[in-house]
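data-v4.cif (mmCIF, C-alpha atoms)
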data_start
#
loop_
_atom_site.label_atom_id
_atom_site.label_comp_id
_atom_site.auth_asym_id
_atom_site.auth_seq_id
_atom_site.Cartn_x
_atom_site.Cartn_y
_atom_site.Cartn_z
CA MET U 92 9.19 8.70 -28.40
CA GLU U 93 12.28 7.17 -26.85
CA LYS U 94 15.34 9.40 -26.99
CA LYS U 95 18.67 8.03 -28.12
CA GLY U 96 20.49 6.41 -25.23
CA SER U 97 17.49 6.76 -22.95
CA VAL U 98 18.32 4.57 -19.97
CA PRO U 99 15.29 5.63 -17.88
CA ILE U 100 12.68 4.59 -20.47
CA PHE U 101 14.35 1.21 -21.02
CA LEU U 102 14.52 0.51 -17.29
CA GLU U 103 10.95 1.61 -16.70
CA LYS U 104 9.80 -0.80 -19.42
CA MET U 105 11.92 -3.58 -17.95
CA SER U 106 10.43 -2.95 -14.50
CA ALA U 107 6.90 -2.88 -15.88
CA ALA U 108 7.51 -6.19 -17.64
CA THR U 109 8.84 -7.67 -14.39
CA THR U 110 5.71 -6.69 -12.46
CA ARG U 111 3.59 -8.54 -15.07
CA LEU U 112 5.36 -11.85 -14.51
CA PRO U 113 3.03 -14.68 -13.45
CA ILE U 114 2.56 -14.94 -9.72
CA TRP U 115 4.04 -18.45 -9.63
CA ILE U 116 7.41 -16.97 -10.62
CA HIS U 117 7.35 -14.57 -7.64
CA ARG U 118 5.85 -17.05 -5.21
CA PHE U 119 7.65 -20.25 -6.25
CA LEU U 120 10.44 -19.96 -8.82
CA ILE U 121 12.35 -17.00 -7.34
CA PRO U 122 12.31 -18.36 -3.74
CA LEU U 123 13.34 -21.80 -5.04
CA ILE U 124 16.29 -20.33 -6.96
CA PHE U 125 17.57 -18.33 -3.99
CA LEU U 126 17.05 -21.12 -1.47
CA THR U 127 18.83 -23.61 -3.75
CA LEU U 128 21.72 -21.54 -5.06
CA CYS U 129 22.66 -19.05 -2.35
CA PRO U 130 23.91 -21.43 0.40
CA PRO U 131 26.35 -23.38 -1.81
CA ALA U 132 27.39 -20.13 -3.54
CA VAL U 133 28.64 -18.75 -0.21
CA PHE U 134 30.99 -21.69 0.31
CA ILE U 135 32.20 -21.70 -3.28
CA PHE U 136 32.94 -17.99 -2.92
CA TRP U 137 34.84 -18.48 0.35
CA TYR U 138 36.86 -21.36 -1.11
CA THR U 139 37.72 -19.44 -4.28
CA ALA U 140 38.89 -16.43 -2.28
CA THR U 141 41.03 -18.40 0.19
CA ALA U 142 42.22 -21.48 -1.71
CA LEU U 143 42.14 -20.56 -5.41
CA ASP U 144 43.87 -17.16 -5.29
CA GLY U 145 40.51 -15.47 -5.87
CA SER U 146 40.35 -16.77 -9.44
CA PHE U 147 37.01 -17.80 -10.90
CA GLN U 148 38.96 -19.09 -13.91
CA VAL U 149 40.72 -21.66 -11.72
CA LEU U 150 37.35 -22.57 -10.22
CA GLY U 151 35.90 -22.99 -13.69
CA ASP U 152 38.76 -25.30 -14.67
CA LEU U 153 38.11 -27.45 -11.60
CA VAL U 154 34.39 -27.62 -12.39
CA TRP U 155 35.18 -28.58 -15.98
CA GLN U 156 37.50 -31.37 -14.85
CA LYS U 157 35.51 -32.83 -11.94
CA GLY U 158 31.96 -31.60 -12.38
CA LEU U 159 30.01 -28.98 -10.46
CA PHE U 160 28.38 -31.28 -7.91
CA SER U 161 31.66 -32.97 -7.11
CA ILE U 162 33.38 -29.64 -6.50
CA VAL U 163 30.51 -28.26 -4.39
CA ALA U 164 30.48 -31.44 -2.30
CA SER U 165 34.25 -31.42 -1.76
CA ILE U 166 34.15 -27.76 -0.65
CA TRP U 167 31.01 -27.89 1.48
CA GLN U 168 31.22 -31.31 3.14
CA PRO U 169 34.18 -30.62 5.50
CA VAL U 170 32.58 -27.44 6.88
CA PHE U 171 28.88 -28.20 6.43
CA PHE U 172 28.05 -28.41 10.16
CA GLY U 173 30.85 -26.12 11.31
CA THR U 174 33.18 -27.14 14.13
CA PRO U 175 32.88 -27.01 17.93
CA LEU U 176 35.16 -23.95 17.94
CA ALA U 177 33.04 -22.21 15.29
CA TRP U 178 29.86 -22.79 17.29
CA LYS U 179 31.59 -21.52 20.43
CA ILE U 180 32.71 -18.34 18.66
CA LEU U 181 29.21 -17.69 17.35
CA ALA U 182 27.60 -18.41 20.72
CA CYS U 183 29.93 -15.98 22.49
CA PHE U 184 29.49 -13.24 19.90
CA THR U 185 25.70 -13.66 19.81
CA ALA U 186 25.40 -13.61 23.61
CA PHE U 187 27.64 -10.55 23.81
CA GLN U 188 25.58 -8.62 21.24
CA LEU U 189 22.28 -9.60 22.85
CA PHE U 190 23.64 -8.48 26.20
CA LEU U 191 24.74 -5.12 24.80
CA MET U 192 21.34 -4.54 23.17
CA LYS U 193 19.68 -4.84 26.58
CA ALA U 194 22.32 -3.55 28.99
CA ILE U 195 23.72 -0.45 27.25
CA PRO U 196 21.59 2.66 27.84
CA GLY U 197 19.96 4.38 24.90
CA LYS U 198 17.07 6.69 24.16
CA PRO U 199 13.80 5.03 23.10
CA PHE U 200 13.26 5.33 19.36
CA VAL U 201 9.77 5.09 17.89
CA GLY U 202 9.71 3.39 14.51
CA PRO U 203 7.23 4.15 11.72
CA ILE U 204 3.66 2.99 12.10
CA THR U 205 3.06 -0.38 10.45
CA PRO U 206 0.36 -1.18 7.87
CA LYS U 207 -1.84 -2.56 10.66
CA GLY U 208 -1.28 0.35 13.01
CA ASN U 209 1.48 -1.04 15.24
CA ILE U 210 4.40 1.16 16.32
CA PRO U 211 7.72 -0.61 17.03
CA ILE U 212 9.90 0.83 19.78
CA TYR U 213 13.69 0.36 19.86
CA LYS U 214 16.59 1.36 22.07
CA ALA U 215 18.97 3.66 20.17
CA ASN U 216 22.35 2.49 21.49
CA GLY U 217 24.14 1.45 18.30
CA ILE U 218 27.15 3.77 18.63
CA PRO U 219 28.19 2.73 22.16
CA CYS U 220 27.60 -0.94 21.29
CA PHE U 221 29.83 -0.58 18.21
CA PHE U 222 32.56 1.15 20.21
CA ILE U 223 32.42 -1.44 23.01
CA THR U 224 32.55 -4.32 20.51
CA PHE U 225 35.52 -2.82 18.69
CA VAL U 226 37.49 -2.08 21.86
CA THR U 227 36.66 -5.49 23.36
CA PHE U 228 38.01 -7.28 20.29
CA ILE U 229 41.23 -5.27 20.32
CA LEU U 230 41.78 -5.78 24.06
CA ALA U 231 40.87 -9.47 23.98
CA THR U 232 43.32 -10.18 21.15
CA TYR U 233 46.25 -7.80 21.57
CA LYS U 234 46.12 -6.95 25.30
CA PHE U 235 44.90 -10.10 27.09
CA HIS U 236 45.64 -12.65 24.32
CA TRP U 237 42.46 -14.62 24.98
CA PHE U 238 42.44 -15.62 21.31
CA SER U 239 44.27 -14.77 18.10
CA PRO U 240 43.10 -11.71 16.12
CA THR U 241 43.10 -13.98 13.05
CA ILE U 242 40.48 -16.28 14.59
CA ILE U 243 37.68 -15.27 12.21
CA TYR U 244 39.79 -15.70 9.07
CA ASP U 245 41.27 -18.99 10.32
CA ASN U 246 37.80 -20.41 11.00
CA LEU U 247 35.80 -18.68 8.30
CA GLY U 248 34.69 -21.85 6.47
CA PRO U 249 33.44 -23.59 9.64
CA LEU U 250 31.87 -20.33 10.83
CA LEU U 251 29.90 -20.05 7.58
CA GLY U 252 28.89 -23.70 7.91
CA ALA U 253 27.62 -23.20 11.46
CA LEU U 254 25.90 -19.95 10.51
CA ASN U 255 24.18 -21.58 7.55
CA CYS U 256 22.86 -24.48 9.64
CA PHE U 257 21.68 -22.18 12.41
CA SER U 258 20.11 -19.65 10.03
CA LEU U 259 18.12 -22.22 8.06
CA LEU U 260 16.66 -23.60 11.30
CA PHE U 261 16.15 -20.12 12.76
CA CYS U 262 14.17 -19.06 9.69
CA LEU U 263 12.03 -22.18 10.10
CA TYR U 264 11.41 -21.19 13.72
CA LEU U 265 10.40 -17.68 12.59
CA TYR U 266 8.04 -19.21 10.04
CA PHE U 267 6.16 -21.16 12.69
CA LYS U 268 6.37 -18.32 15.22
CA GLY U 269 4.57 -16.01 12.82
CA ILE U 270 1.77 -18.57 12.50
CA PHE U 271 1.33 -19.72 16.09
CA SER U 272 2.82 -16.98 18.30
CA PRO U 273 3.18 -13.68 16.41
CA SER U 274 4.56 -10.63 18.18
CA SER U 275 2.01 -8.29 16.61
CA SER U 276 -0.89 -8.24 14.16
CA ASP U 277 1.55 -7.55 11.29
CA CYS U 278 1.72 -11.21 10.32
CA SER U 279 0.13 -13.44 7.71
CA THR U 280 0.80 -16.35 5.38
CA THR U 281 0.05 -17.01 1.73
CA GLY U 282 -0.41 -20.75 2.20
CA ASN U 283 2.71 -21.33 0.09
CA LEU U 284 5.24 -22.78 2.54
CA LEU U 285 8.18 -22.13 0.21
CA PHE U 286 7.37 -18.45 -0.27
CA ASP U 287 6.40 -17.88 3.36
CA TYR U 288 9.69 -19.41 4.53
CA TYR U 289 11.63 -17.27 2.04
CA TRP U 290 9.75 -14.01 2.66
CA GLY U 291 8.75 -14.49 6.31
CA THR U 292 5.46 -14.54 8.17
CA GLU U 293 6.07 -11.60 10.55
CA LEU U 294 7.09 -8.01 9.96
CA TYR U 295 8.49 -7.29 13.43
CA PRO U 296 9.09 -10.55 15.34
CA ARG U 297 10.48 -10.27 18.84
CA VAL U 298 11.94 -13.09 20.93
CA TYR U 299 12.05 -12.53 24.70
CA GLY U 300 11.95 -8.78 24.01
CA TRP U 301 14.76 -8.72 21.44
CA ASP U 302 13.81 -7.37 18.02
CA VAL U 303 14.86 -10.05 15.53
CA LYS U 304 15.56 -7.85 12.52
CA MET U 305 17.47 -5.26 14.55
CA PHE U 306 19.65 -8.09 15.87
CA THR U 307 20.23 -9.99 12.61
CA ASN U 308 20.63 -6.95 10.35
CA CYS U 309 22.45 -4.52 12.63
CA ARG U 310 23.97 -6.14 15.68
CA PHE U 311 25.08 -9.43 14.11
CA GLY U 312 25.50 -8.64 10.41
CA MET U 313 26.97 -5.14 10.53
CA MET U 314 28.84 -5.64 13.82
CA GLY U 315 30.28 -8.93 12.60
CA TRP U 316 31.41 -7.22 9.39
CA SER U 317 33.67 -4.89 11.37
CA LEU U 318 35.32 -7.73 13.33
CA ALA U 319 35.78 -9.88 10.23
CA ILE U 320 37.77 -7.26 8.34
CA LEU U 321 39.93 -6.59 11.43
CA SER U 322 40.70 -10.31 11.52
CA TYR U 323 41.53 -10.32 7.80
CA ALA U 324 43.94 -7.43 8.31
CA ALA U 325 45.59 -9.30 11.18
CA LYS U 326 46.00 -12.36 8.96
CA GLN U 327 47.67 -10.36 6.21
CA GLU U 328 49.99 -8.81 8.76
CA GLU U 329 50.88 -12.29 10.05
CA LEU U 330 51.59 -13.67 6.55
CA TYR U 331 53.10 -10.78 4.60
CA GLY U 332 53.11 -7.66 6.74
CA LEU U 333 50.32 -5.09 6.62
CA SER U 334 49.92 -3.37 3.23
CA ASP U 335 48.63 0.14 2.67
CA SER U 336 45.91 -1.34 0.43
CA MET U 337 44.55 -3.30 3.40
CA VAL U 338 44.75 -0.24 5.65
CA VAL U 339 42.74 1.87 3.18
CA ALA U 340 40.12 -0.85 2.60
CA VAL U 341 39.62 -1.55 6.30
CA ALA U 342 39.63 2.13 7.30
CA LEU U 343 36.93 3.00 4.76
CA GLN U 344 34.74 0.09 5.80
CA LEU U 345 35.07 0.93 9.48
CA LEU U 346 34.12 4.51 8.63
CA TYR U 347 31.08 3.24 6.72
CA ILE U 348 30.03 0.85 9.52
CA GLY U 349 30.52 3.57 12.14
CA LYS U 350 28.35 5.85 10.02
CA PHE U 351 25.75 3.09 9.85
CA PHE U 352 25.48 2.83 13.63
CA PHE U 353 25.38 6.60 13.99
CA TRP U 354 22.46 6.51 11.55
CA GLU U 355 20.95 3.25 12.84
CA THR U 356 17.63 4.84 13.71
CA GLY U 357 17.39 5.97 10.09
CA TYR U 358 17.98 2.42 8.91
CA LEU U 359 15.11 1.28 11.14
CA ARG U 360 12.87 3.38 8.86
CA SER U 361 14.23 1.81 5.68
CA LEU U 362 12.58 -0.63 3.25
CA ASP U 363 14.45 -3.56 4.83
CA ILE U 364 12.77 -2.97 8.17
CA MET U 365 9.44 -1.37 7.22
CA HIS U 366 8.45 -3.74 4.43
CA ASP U 367 10.62 -6.87 4.15
CA ARG U 368 9.54 -9.56 6.56
CA ALA U 369 11.83 -11.61 8.78
CA GLY U 370 12.41 -14.68 6.64
CA PHE U 371 15.19 -16.33 4.68
CA MET U 372 15.75 -13.33 2.42
CA ILE U 373 16.53 -10.90 5.25
CA CYS U 374 17.66 -13.08 8.16
CA TRP U 375 19.72 -15.70 6.31
CA GLY U 376 21.07 -12.90 4.14
CA CYS U 377 22.36 -10.90 7.11
CA LEU U 378 23.61 -13.93 9.05
CA VAL U 379 25.37 -15.80 6.20
CA TRP U 380 25.49 -13.85 2.92
CA LEU U 381 26.67 -10.60 4.50
CA PRO U 382 29.64 -12.07 6.46
CA CYS U 383 30.96 -13.72 3.30
CA ILE U 384 30.05 -11.49 0.36
CA TYR U 385 30.16 -8.05 1.95
CA THR U 386 33.61 -8.68 3.40
CA SER U 387 34.93 -10.35 0.23
CA PRO U 388 37.05 -7.44 -1.12
CA THR U 389 39.04 -7.46 2.12
CA LEU U 390 39.09 -11.26 2.25
CA TYR U 391 40.71 -11.20 -1.20
CA LEU U 392 43.30 -8.67 -0.03
CA VAL U 393 44.62 -11.05 2.65
CA ASN U 394 46.69 -12.93 0.08
CA HIS U 395 47.15 -9.98 -2.28
CA PRO U 396 49.12 -7.38 -0.26
CA ASN U 397 49.23 -4.67 -2.92
CA GLN U 398 51.37 -1.64 -2.09
CA LEU U 399 49.68 1.45 -3.50
CA GLY U 400 52.09 4.14 -2.37
CA ILE U 401 51.24 7.13 -0.23
CA VAL U 402 49.75 9.27 -3.04
CA LEU U 403 47.38 6.66 -4.49
CA ALA U 404 46.42 5.26 -1.08
CA THR U 405 45.58 8.75 0.20
CA ALA U 406 43.61 9.63 -2.93
CA ILE U 407 41.52 6.45 -2.70
CA PHE U 408 40.87 6.97 0.99
CA LEU U 409 39.81 10.61 0.55
CA ALA U 410 37.52 9.75 -2.38
CA GLY U 411 35.96 6.90 -0.41
CA ALA U 412 35.58 9.01 2.74
CA ALA U 413 33.92 11.78 0.71
CA SER U 414 31.46 9.25 -0.77
CA ILE U 415 30.56 7.92 2.66
CA LEU U 416 30.17 11.48 3.98
CA ILE U 417 27.82 12.45 1.14
CA ASN U 418 25.79 9.29 1.76
CA PHE U 419 25.51 10.25 5.42
CA MET U 420 24.63 13.88 4.64
CA ALA U 421 21.83 12.78 2.32
CA ASP U 422 20.32 10.47 4.92
CA ARG U 423 20.79 13.18 7.56
CA GLN U 424 18.77 15.70 5.55
CA ARG U 425 15.77 13.40 5.50
CA GLN U 426 16.12 12.72 9.23
CA GLN U 427 16.22 16.46 9.97
CA ILE U 428 13.05 17.06 8.00
CA ARG U 429 11.22 14.36 9.94
CA ALA U 430 12.59 15.39 13.33
CA LYS U 431 11.81 19.11 12.88
CA ASN U 432 8.66 18.65 10.80
CA GLY U 433 10.18 20.65 7.96
CA ALA U 434 11.19 23.64 10.13
CA CYS U 435 14.86 23.68 9.10
CA LEU U 436 17.14 24.76 6.26
CA ILE U 437 18.44 22.45 3.55
CA TRP U 438 21.52 23.77 1.80
CA ARG U 439 20.86 27.13 3.52
CA SER U 440 17.43 27.43 1.92
CA LYS U 441 13.89 26.65 2.92
CA PRO U 442 13.26 23.04 1.90
CA SER U 443 10.93 22.11 -0.93
CA LEU U 444 8.37 19.81 0.67
CA ILE U 445 5.26 17.93 -0.36
CA GLN U 446 2.75 17.12 2.36
CA ALA U 447 1.55 13.63 1.52
CA ALA U 448 -1.48 12.02 3.12
CA TYR U 449 -1.85 8.25 3.36
CA GLN U 450 -4.03 5.71 5.12
CA THR U 451 -3.11 2.74 7.26
CA GLN U 452 -4.90 -0.57 6.76
CA SER U 453 -7.14 0.35 9.71
CA GLY U 454 -8.33 3.41 7.79
CA GLU U 455 -6.49 5.98 9.90
CA THR U 456 -5.19 9.00 7.93
CA LYS U 457 -1.55 9.99 8.47
CA GLN U 458 0.72 12.71 7.07
CA ALA U 459 4.28 12.47 5.74
CA LEU U 460 6.74 15.02 4.37
CA LEU U 461 8.46 14.30 1.05
CA LEU U 462 11.70 16.26 0.65
CA ALA U 463 12.30 17.52 -2.89
CA SER U 464 15.41 19.65 -2.40
CA GLY U 465 19.00 19.25 -1.28
CA TRP U 466 20.41 15.84 -2.17
CA TRP U 467 16.83 14.60 -2.52
CA GLY U 468 16.16 17.16 -5.22
CA LEU U 469 18.83 15.62 -7.45
CA SER U 470 17.14 12.23 -7.64
CA ARG U 471 14.66 10.20 -5.61
CA HIS U 472 17.32 7.71 -4.48
CA PHE U 473 20.49 9.75 -4.90
CA HIS U 474 21.93 8.37 -1.64
CA TYR U 475 22.51 5.02 -3.37
CA ILE U 476 25.09 6.61 -5.68
CA PRO U 477 27.62 7.62 -2.98
CA GLU U 478 26.95 4.28 -1.25
CA LEU U 479 28.02 2.46 -4.40
CA MET U 480 31.00 4.79 -4.81
CA GLY U 481 32.12 4.17 -1.23
CA ALA U 482 32.01 0.41 -1.82
CA PHE U 483 33.95 0.86 -5.05
CA PHE U 484 36.71 2.81 -3.33
CA TRP U 485 37.20 0.29 -0.53
CA THR U 486 37.39 -2.41 -3.21
CA LEU U 487 39.75 -0.48 -5.50
CA PRO U 488 42.88 -1.36 -3.41
CA ALA U 489 42.42 -4.94 -4.67
CA LEU U 490 43.29 -3.61 -8.15
CA PHE U 491 42.06 -5.48 -11.21
CA ASN U 492 43.77 -8.86 -11.40
CA HIS U 493 40.59 -10.80 -10.61
CA PHE U 494 36.86 -10.19 -10.71
CA LEU U 495 36.10 -11.74 -7.31
CA PRO U 496 36.58 -8.62 -5.13
CA TYR U 497 34.25 -6.69 -7.45
CA PHE U 498 31.41 -9.21 -7.21
CA TYR U 499 30.10 -7.32 -4.18
CA ILE U 500 29.86 -4.10 -6.23
CA VAL U 501 27.84 -5.88 -8.92
CA PHE U 502 25.58 -7.47 -6.32
CA LEU U 503 25.11 -4.16 -4.47
CA THR U 504 24.25 -2.35 -7.71
CA ILE U 505 21.56 -4.90 -8.56
CA LEU U 506 20.26 -4.80 -4.98
CA LEU U 507 20.00 -1.00 -4.86
CA VAL U 508 18.48 -0.61 -8.33
CA ASP U 509 15.88 -3.22 -7.43
CA ARG U 510 15.27 -1.45 -4.12
CA ALA U 511 14.80 1.87 -5.91
CA PHE U 512 12.09 0.35 -8.13
CA ARG U 513 10.42 -1.41 -5.19
CA HIS U 514 10.48 1.73 -3.06
CA ASP U 515 8.99 3.84 -5.85
CA LYS U 516 6.21 1.29 -6.35
CA ARG U 517 5.42 1.24 -2.62
CA CYS U 518 5.43 5.05 -2.41
CA ALA U 519 3.16 5.33 -5.47
CA ASP U 520 0.70 2.93 -3.85
CA LYS U 521 0.96 4.66 -0.48
CA TYR U 522 0.88 8.34 -1.41
CA GLY U 523 -1.00 8.27 -4.74
CA LYS U 524 -1.28 11.71 -6.35
CA HIS U 525 1.17 13.19 -3.85
CA TRP U 526 3.85 10.82 -5.10
CA ASP U 527 3.05 11.88 -8.68
CA GLN U 528 3.64 15.49 -7.62
CA TYR U 529 6.94 14.49 -6.04
CA CYS U 530 8.05 12.67 -9.21
CA GLU U 531 7.25 15.77 -11.25
CA LYS U 532 9.58 17.79 -9.02
CA VAL U 533 12.24 15.07 -8.87
CA PRO U 534 11.99 13.15 -12.16
CA TYR U 535 15.16 11.04 -11.85
CA LYS U 536 15.15 7.78 -9.94
CA MET U 537 18.86 7.41 -9.07
CA ILE U 538 21.37 9.09 -11.38
CA PRO U 539 20.59 12.80 -11.97
CA TYR U 540 19.86 13.66 -15.62
CA LEU U 541 20.28 10.01 -16.66
CA PHE U 542 18.25 7.49 -14.65
#

I need this file expressed as structure tokens, please.
Amino acid sequence: MEKKGSVPIFLEKMSAATTRLPIWIHRFLIPLIFLTLCPPAVFIFWYTATALDGSFQVLGDLVWQKGLFSIVASIWQPVFFGTPLAWKILACFTAFQLFLMKAIPGKPFVGPITPKGNIPIYKANGIPCFFITFVTFILATYKFHWFSPTIIYDNLGPLLGALNCFSLLFCLYLYFKGIFSPSSSDCSTTGNLLFDYYWGTELYPRVYGWDVKMFTNCRFGMMGWSLAILSYAAKQEELYGLSDSMVVAVALQLLYIGKFFFWETGYLRSLDIMHDRAGFMICWGCLVWLPCIYTSPTLYLVNHPNQLGIVLATAIFLAGAASILINFMADRQRQQIRAKNGACLIWRSKPSLIQAAYQTQSGETKQALLLASGWWGLSRHFHYIPELMGAFFWTLPALFNHFLPYFYIVFLTILLVDRAFRHDKRCADKYGKHWDQYCEKVPYKMIPYLF
């Protein structure tokens, strides 16, 4: 019987209904919707944030007056192919990040074994690469004056146009690479060109030794995020003077991005890397969607220099920093368990562990440890909660005059809830009865005692 207000039962039923959808919806309709709507949505979002005071109401009025296609065309056409300067910026940044990936020393990191028995190997040098990128940007703009610190904001539309063109072609290249020149045996096609382009044909493609997903997800997407928000802050300072709301928002995001690179090897064991293939969804998403949508709260703040006051600004920063710290501590606990094979303390106690056996596609039996105590004893995906809270607190300085800066929170919530369901399904298939035992010990999916 369903209890009053039972969120978990409702969501489990919704998820079960989703998995029973006809295959043509998963393989055709969903890819078609994302491929059709996401690229123009990025440019509409950028234009609304920079030219319409961040107001979707004003955008709606324009659409009502002139029609949707007319508005999309007028926004997209001037920046569709980017500009020579935008392409130059992207070429320089890309070359710099590729150089750092190869040149900066780092310990070898062995990724998880793939379904077909392959083991990816990375160089763990995210922290020095992040520090070098940050310092280089500051020196190049404020010390040597090679270019303005506002260069990303000033060219954001053309940059998105160039990125979109490049990414669509790059994903096409990855599609054919997975068919004709795969980097490993973890590759296949469904025969549905639309789905294969959207999802990808390779799990771990490498080009001239560079790991594609590590570059697109980490070194371009996340590294570019940090430089974009610095440029937005510089633009606000140029126009209005730097507000404490911008300082709090940028500081929290830099803390989060720094935490990401400190934990980069953990991310390389996440669902994005272990399961999602290198196609439109991941690569276009990190190269185009991330630079626009993930930075949007700070983009909105450029022309909304709210002054919070020392008390409110400090409170928001401390709450956001605590959320990011908890997120890091949760991920760290799982890393410690793996690194020490369970021989460590979690919250000063012996960890509650389940030894789970699973088989690779080649039939080889492997063992994994499932942590059921500490933060991971509260819920199976508790780390998503402080991640959402951190994003909320670096958005909160935008206040509540418009919905636009909070779109990212809504998107992130949907993304993480979907990821929680997908991860549970994969773990149930992978670990079988051992996952059932884990779910008995940790019955809540995300929110303790609720969901």

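The two atoms in question, atom CA of Tyr522 of chain U and atom CA of Ala448 of chain U, are spaced 6.3 Å apart.
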
With 7 Å as the cut-off and all atoms listed in the file counted, what is the closest atom pair between each nearby residue of segment 99-205 of chain U and segment 282-301 of chain U? Distances in Å to one decimal, ordered by chain and number, as a tab-separated table.
residue	atom	partner	partner_atom	distance
U:Arg118	CA	U:Phe286	CA	5.4
U:Phe119	CA	U:Phe286	CA	6.3
U:Pro122	CA	U:Tyr289	CA	5.9

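Counting all atoms listed in the file and comparing U:Val393, U:Leu265, U:Leu381, U:Val201, the residue that lies closest to Leu330 of chain U is U:Val393.
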
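Between atom CA of Gly332 of chain U and atom CA of Pro396 of chain U there is a distance of 8.1 Å.
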
Determine, counting all atoms listed in the file, which protein, DNA and RNA residues have an atom within 12 Å of an atom of Leu345 of chain U; residues of the same chain fewer than 3 positions away are not included. Present the result as a PyMOL selection string. chain U and resi 221-222+225+313-321+338-342+348-352+386+389+408+411-412+415+481-482+485
